[in-house]
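This report refers to the structure that appears directly beneath it.
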Number of protein chains: 2
Amino acid sequence: MKIILYAFIVYFSLFFTSNPPAIKPDTPDDQALKAIYDEALNKSWGYTNLEHLCKNIGPRLSGSESAATAVTWSSDVLRKLSDTVYLQQVEVPVWERGKKTEAEALLGNNDIVELDACALGGSVATLNNRSLTAEVVEVKSSKDLLIKGKDAIKDKIVFYNCEMDPTLINNFEAYDQAMDECFNGTGDAAQYGAQAVLVRSLTHAEDEYPHTQTITYKDPNKKIPALALSTKSANFLRSAIATDDKLKVTMQTDCTAKGTAKSHNVIAEIKGSKYPNEVILVSAYLDSWDLGEGAQANGAGAMHAMEVLYLFKKLKIQPQHTIRCVLYTNSLFGGAGAKKYAEEMRKNREKHILAIESDRGGFVPQGFNIGGTPLAAEATIQQLRRYAYLFKPYNLFYFEKGETGADIEALKTGDVPLISLFTESQRYFDYHNAATDVYENVNKRELELGSASIASLVYLIDKYGLPMQSGGTRK
Amino acid sequence: MKIILYAFIVYFSLFFTSNPPAIKPDTPDDQALKAIYDEALNKSWGYTNLEHLCKNIGPRLSGSESAATAVTWSSDVLRKLSDTVYLQQVEVPVWERGKKTEAEALLGNNDIVELDACALGGSVATLNNRSLTAEVVEVKSSKDLLIKGKDAIKDKIVFYNCEMDPTLINNFEAYDQAMDECFNGTGDAAQYGAQAVLVRSLTHAEDEYPHTQTITYKDPNKKIPALALSTKSANFLRSAIATDDKLKVTMQTDCTAKGTAKSHNVIAEIKGSKYPNEVILVSAYLDSWDLGEGAQANGAGAMHAMEVLYLFKKLKIQPQHTIRCVLYTNSLFGGAGAKKYAEEMRKNREKHILAIESDRGGFVPQGFNIGGTPLAAEATIQQLRRYAYLFKPYNLFYFEKGETGADIEALKTGDVPLISLFTESQRYFDYHNAATDVYENVNKRELELGSASIASLVYLIDKYGLPMQSGGTRK
């Protein structure tokens, strides 16, 4: 009878307990990774928390009240998973979108066509918040301004109409290229005497959603209003200009800069048992644009970073090194959070052995982009490739030198390798910085695979060290 | 002046013509693949046609009028891309969902809770199309029926509540496992005297959409009504039963079988210049369930197969072997189309050197599942791995032995290798057989990458042959 009762209890504790077996130091690596993935895929910890961040807190432009709420909430959540949680104060610029942004094309036949528009981050308002009307000049880059000359640009609205190259497989490459060739030049239009700027949204999606972005003016005394257009509106405007090269647009925005505010980086740690002063950093930015809910950019990344601590805690993994989760503020509006973190790290001579960031959305992970000094990157790539057989069951196959996240870029010193989660990016720019970047457009399983991938990487590097560390890898 | 005019013409013909440069036999392979991908990603041929199929034709259950329209439309489209197009007549069963399917849980407190339900394909109606009410017995598999015994099942409604295993990375594995362990047994409930069957939808998505499927009765004289429940309704029903083990459900459906109808496989060919009697088959099923628009299942696959001919035609690739596109009818309701195709192929002694199918949706391709005889599969895997360096820029990394499409399974004879496009499947079952399987849930670029991947594979195998062919690879 006792045996039956015992069997019954074992059966129930196996199937109904919410506590998975602990990963002890002698657990074989493939079993440890399986336990990490199983926990992430079974419990949906990150997806549940993402729902709260997106639906209850919502968009969180740094310096806003909701950004402060997100800091408080994430600190509270991390407190249950960590040995220490603290905030790092950061001064951030405040900018508000205002209540009314509009643009309309005035066609030759007196028809007026409304364009889907939003203000670019940091844009000034139209004069007295009233509408302005001017002829439109279409360009592909600032080189076109030079070719056309000041007389052709003066008092006009300059329309930057650059598409992301659809033939590049990696959308981030296409985005970076369009940013370099086109978007980063939008600030030049003011220098040529333009009244305002319209910019085609950087996305492959052909739809009615404008995607915001930050405009960088070249001269702080020469700022002109700047709006993004949806790709459908940009296509319409292009065809309208093709039939009427004197086409006028009327536009209006009451967005405004409002000085600075105090914001915070959130920092949470599980102390290392053997090397407490050596930090493995898992990080992501927590602020977002104000149009959608900041779900793919970058609520997903923030959940990835936080879930690493959840998985270590839940699976009772005692790391040798200190695992530190950092959620940066102000990544999208100046990067003050990451700068502050790097400054403090240097000032306090904190030793980081690895800096990881997730900023490519909660899409299916394919592997890791690896950066840092050429030597550190190469040695780290070689090490990760030795783990390829462990990652293969999870379809992680990509361990290449590549661009890592903007926020860990500030940590690039000495031989600290930088690693970013490399996700399958075909859909990323469909939502990026637009009203469509909402919780519903994050797939639960895709998000969970990302958390498990980063946690697995941290697990292996914590266990075996890195070649660039004093003493090299420890196995 | 002439030179300027000429330069002008060359410039414009380069930038404004819709004709990309032809791929000649001496084009280096990497350039040929780049031309294929560029054309697919630039022109969105498949995505445009998918919109027509989904929005203008819509769902196309084999035997229905819209299935016939899809056959006519796809033949017309293929006629512009091929040397020959013909139809192959197939007799298919007809089943109609009817006008009213409902299920409600009758709670102890007299509350009635509506459940999200749809009839399973092939289900009979409730008696006289009226509602039936009975106690519900929850099971996980037909083994549970055996354990509970006939007395516990007789006159009850059996509720099959099996979840797909979330810890399996490949969703198709989780689906196949749940089908084997649970779904395929639903027909057994009738043998135990149950009045009706409710089945949890096979999906990881927790939402209100029931996913249909075909029920296979064990005894044609003992058919009982069978409905699928959404995962949310299944979860609700489970918790309601947990508090009330005498819980009753009332349900009703007026679906009906209507004999057979004539349908067609669509067959289109580009004749081979050197081996016109050796066929490389690219295929997909064209029929769909009647709930959504059959977008991911399998409009996407049909576009993949059709776009291979488009890409060959547009890039002026003259294949050595005959490239044949086949769109099967009745894949979802008996597989009569594929059976007919295989029969005719054998009867006419048509030589196939390779059979490819796309039936895993228009998601990001990762590589290929390879099947056929063990010898054929292994030799083909080795050959594809030699092309890995050509596929790497397109993130195709997966060339493994695995389950290939159900429709090419019928062709498994001799040493013909079978290949299925292996797509990233995390979202596939969110839409599969549900009302959410609509055009908007197919991503343009993800679809295009699939077409280009298959066309590239066909290009390489047409050029170099296969090791199992007489004479082996030709280079």
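Going by the structure tokens order, chains are called A, B, ..., each with residues numbered from 1, while ligands are numbered from 1 in the order shown.
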Restrict the calculation to only C-alpha atoms, then for each residue of chain B with any atom at most 8 Å from an atom of chain A give the closest atom pair and their distance in Å to one decimal, rows by chain and rising residue number, as a Markdown table.
| residue | atom | partner | partner_atom | distance |
| --- | --- | --- | --- | --- |
| B:Tyr37 | CA | A:Thr167 | CA | 7.1 |
| B:Asp38 | CA | A:Thr167 | CA | 5.2 |
| B:Leu41 | CA | A:Thr167 | CA | 5.7 |
| B:Asn42 | CA | A:Pro166 | CA | 6.1 |
| B:Pro166 | CA | A:Leu41 | CA | 5.9 |
| B:Thr167 | CA | A:Asp38 | CA | 5.2 |
| B:Ile169 | CA | A:Tyr394 | CA | 6.4 |
| B:Pro393 | CA | A:Ile169 | CA | 7.8 |
| B:Tyr394 | CA | A:Ile169 | CA | 6.4 |
| B:Phe397 | CA | A:Phe397 | CA | 7.5 |
| B:Gln426 | CA | A:Arg445 | CA | 6.5 |
| B:Arg427 | CA | A:Asn443 | CA | 7.3 |
| B:Asn443 | CA | A:Arg427 | CA | 7.3 |
| B:Arg445 | CA | A:Gln426 | CA | 6.5 |
| B:Glu446 | CA | A:Gln426 | CA | 6.6 |
Based on the selection just made, write N, CA and C atoms of those residues as a short mmCIF file (atom, residue, chain, number, x, y, z; two decimals), in the first residue's frame.
data_model
loop_
_atom_site.label_atom_id
_atom_site.label_comp_id
_atom_site.auth_asym_id
_atom_site.auth_seq_id
_atom_site.Cartn_x
_atom_site.Cartn_y
_atom_site.Cartn_z
N TYR B 37 16.82 34.66 -56.97
CA TYR B 37 16.33 35.32 -55.76
C TYR B 37 15.95 36.78 -56.05
N ASP B 38 16.77 37.48 -56.81
CA ASP B 38 16.48 38.89 -57.10
C ASP B 38 15.13 39.03 -57.79
N LEU B 41 12.29 38.31 -55.31
CA LEU B 41 12.13 39.34 -54.27
C LEU B 41 11.74 40.70 -54.86
N ASN B 42 12.12 40.95 -56.10
CA ASN B 42 11.78 42.23 -56.72
C ASN B 42 10.36 42.25 -57.26
N PRO B 166 4.51 21.19 -26.55
CA PRO B 166 5.16 22.48 -26.82
C PRO B 166 6.70 22.40 -26.82
N THR B 167 7.24 21.31 -26.27
CA THR B 167 8.71 21.26 -26.17
C THR B 167 9.37 20.72 -27.44
N ILE B 169 10.62 21.27 -30.97
CA ILE B 169 10.98 22.49 -31.71
C ILE B 169 10.28 22.49 -33.06
N PRO B 393 24.22 31.99 -48.53
CA PRO B 393 23.79 33.41 -48.51
C PRO B 393 22.28 33.58 -48.32
N TYR B 394 21.53 32.51 -48.53
CA TYR B 394 20.07 32.59 -48.41
C TYR B 394 19.58 31.89 -47.14
N PHE B 397 20.16 25.96 -44.63
CA PHE B 397 21.20 25.20 -43.93
C PHE B 397 20.77 23.78 -43.62
N GLN B 426 7.08 27.68 -36.78
CA GLN B 426 6.47 28.05 -35.50
C GLN B 426 5.04 28.57 -35.63
N ARG B 427 4.73 29.27 -36.72
CA ARG B 427 3.39 29.86 -36.86
C ARG B 427 2.43 29.01 -37.68
N ASN B 443 3.44 36.30 -45.19
CA ASN B 443 4.36 37.42 -45.38
C ASN B 443 4.95 37.35 -46.79
N ARG B 445 7.70 38.49 -48.27
CA ARG B 445 9.10 38.10 -48.45
C ARG B 445 9.34 36.64 -48.06
N GLU B 446 8.65 36.19 -47.03
CA GLU B 446 8.81 34.79 -46.63
C GLU B 446 8.35 33.87 -47.76
#
(message) At a cut-off of 6 Å, using only C-alpha atoms, what residues contact segment 131-142 of chain B? Leave out same-chain residues fewer than 6 positions from it and give the result as a ChimeraX atom specification.
(response) /B:156-162,182,185,246-252
How about saving the chosen residues, N, CA and C atoms kept, as a short mmCIF file (atom, residue, chain, number, x, y, z; two decimals), in the first residue's frame?
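After the write, out_37.cif holds the following:
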data_model
loop_
_atom_site.label_atom_id
_atom_site.label_comp_id
_atom_site.auth_asym_id
_atom_site.auth_seq_id
_atom_site.Cartn_x
_atom_site.Cartn_y
_atom_site.Cartn_z
N LYS B 156 -22.57 8.81 -24.44
CA LYS B 156 -21.92 10.05 -24.01
C LYS B 156 -21.38 10.81 -25.23
N ILE B 157 -20.93 12.03 -24.96
CA ILE B 157 -20.11 12.77 -25.94
C ILE B 157 -18.67 12.60 -25.49
N VAL B 158 -17.83 12.05 -26.36
CA VAL B 158 -16.42 11.87 -26.00
C VAL B 158 -15.63 13.10 -26.42
N PHE B 159 -14.88 13.63 -25.48
CA PHE B 159 -14.11 14.86 -25.70
C PHE B 159 -12.61 14.51 -25.73
N TYR B 160 -12.04 14.46 -26.94
CA TYR B 160 -10.61 14.19 -27.11
C TYR B 160 -9.86 15.49 -26.87
N ASN B 161 -9.11 15.54 -25.80
CA ASN B 161 -8.45 16.80 -25.41
C ASN B 161 -6.93 16.63 -25.37
N CYS B 162 -6.32 16.50 -26.52
CA CYS B 162 -4.87 16.28 -26.58
C CYS B 162 -4.18 17.54 -27.06
N CYS B 182 -3.74 10.59 -30.77
CA CYS B 182 -5.04 11.05 -30.34
C CYS B 182 -6.02 11.19 -31.48
N GLY B 185 -7.60 8.44 -33.48
CA GLY B 185 -8.48 7.54 -32.74
C GLY B 185 -9.90 8.06 -32.59
N LYS B 246 -20.43 15.43 -14.28
CA LYS B 246 -21.65 15.04 -15.00
C LYS B 246 -22.03 16.11 -16.03
N LEU B 247 -21.09 16.99 -16.32
CA LEU B 247 -21.36 18.12 -17.23
C LEU B 247 -21.92 17.65 -18.57
N LYS B 248 -22.94 18.37 -19.02
CA LYS B 248 -23.54 18.04 -20.32
C LYS B 248 -23.21 19.11 -21.36
N VAL B 249 -23.14 18.66 -22.59
CA VAL B 249 -22.98 19.57 -23.71
C VAL B 249 -24.13 19.32 -24.66
N THR B 250 -24.61 20.42 -25.25
CA THR B 250 -25.60 20.26 -26.32
C THR B 250 -24.93 20.71 -27.62
N MET B 251 -25.14 19.97 -28.69
CA MET B 251 -24.45 20.29 -29.94
C MET B 251 -25.32 19.98 -31.15
N GLN B 252 -24.97 20.61 -32.24
CA GLN B 252 -25.81 20.52 -33.44
C GLN B 252 -24.95 20.82 -34.67
#
(request) Could you pull out the residues in segment 274-450 of chain A that DSSP calls alpha helix (DSSP H) from the backbone, as number ranges by chain? (result) A: 300-314, 336-347, 374-386, 388-391, 428-431, 444-450
(request) Using only C-alpha atoms, find the one residue out of B:Ile381, B:Leu286, B:Ala125, B:Ala105 that sits nearest to Leu466 of chain B. (result) B:Ile381
(request) List every residue of segment 30-185 of chain B that DSSP, applied to the backbone of this structure, places in strand (DSSP E or B), and write the result as a PyMOL selection string. (result) chain B and resi 84-96+101-106+112-115+117-119+121+132-139+157-160
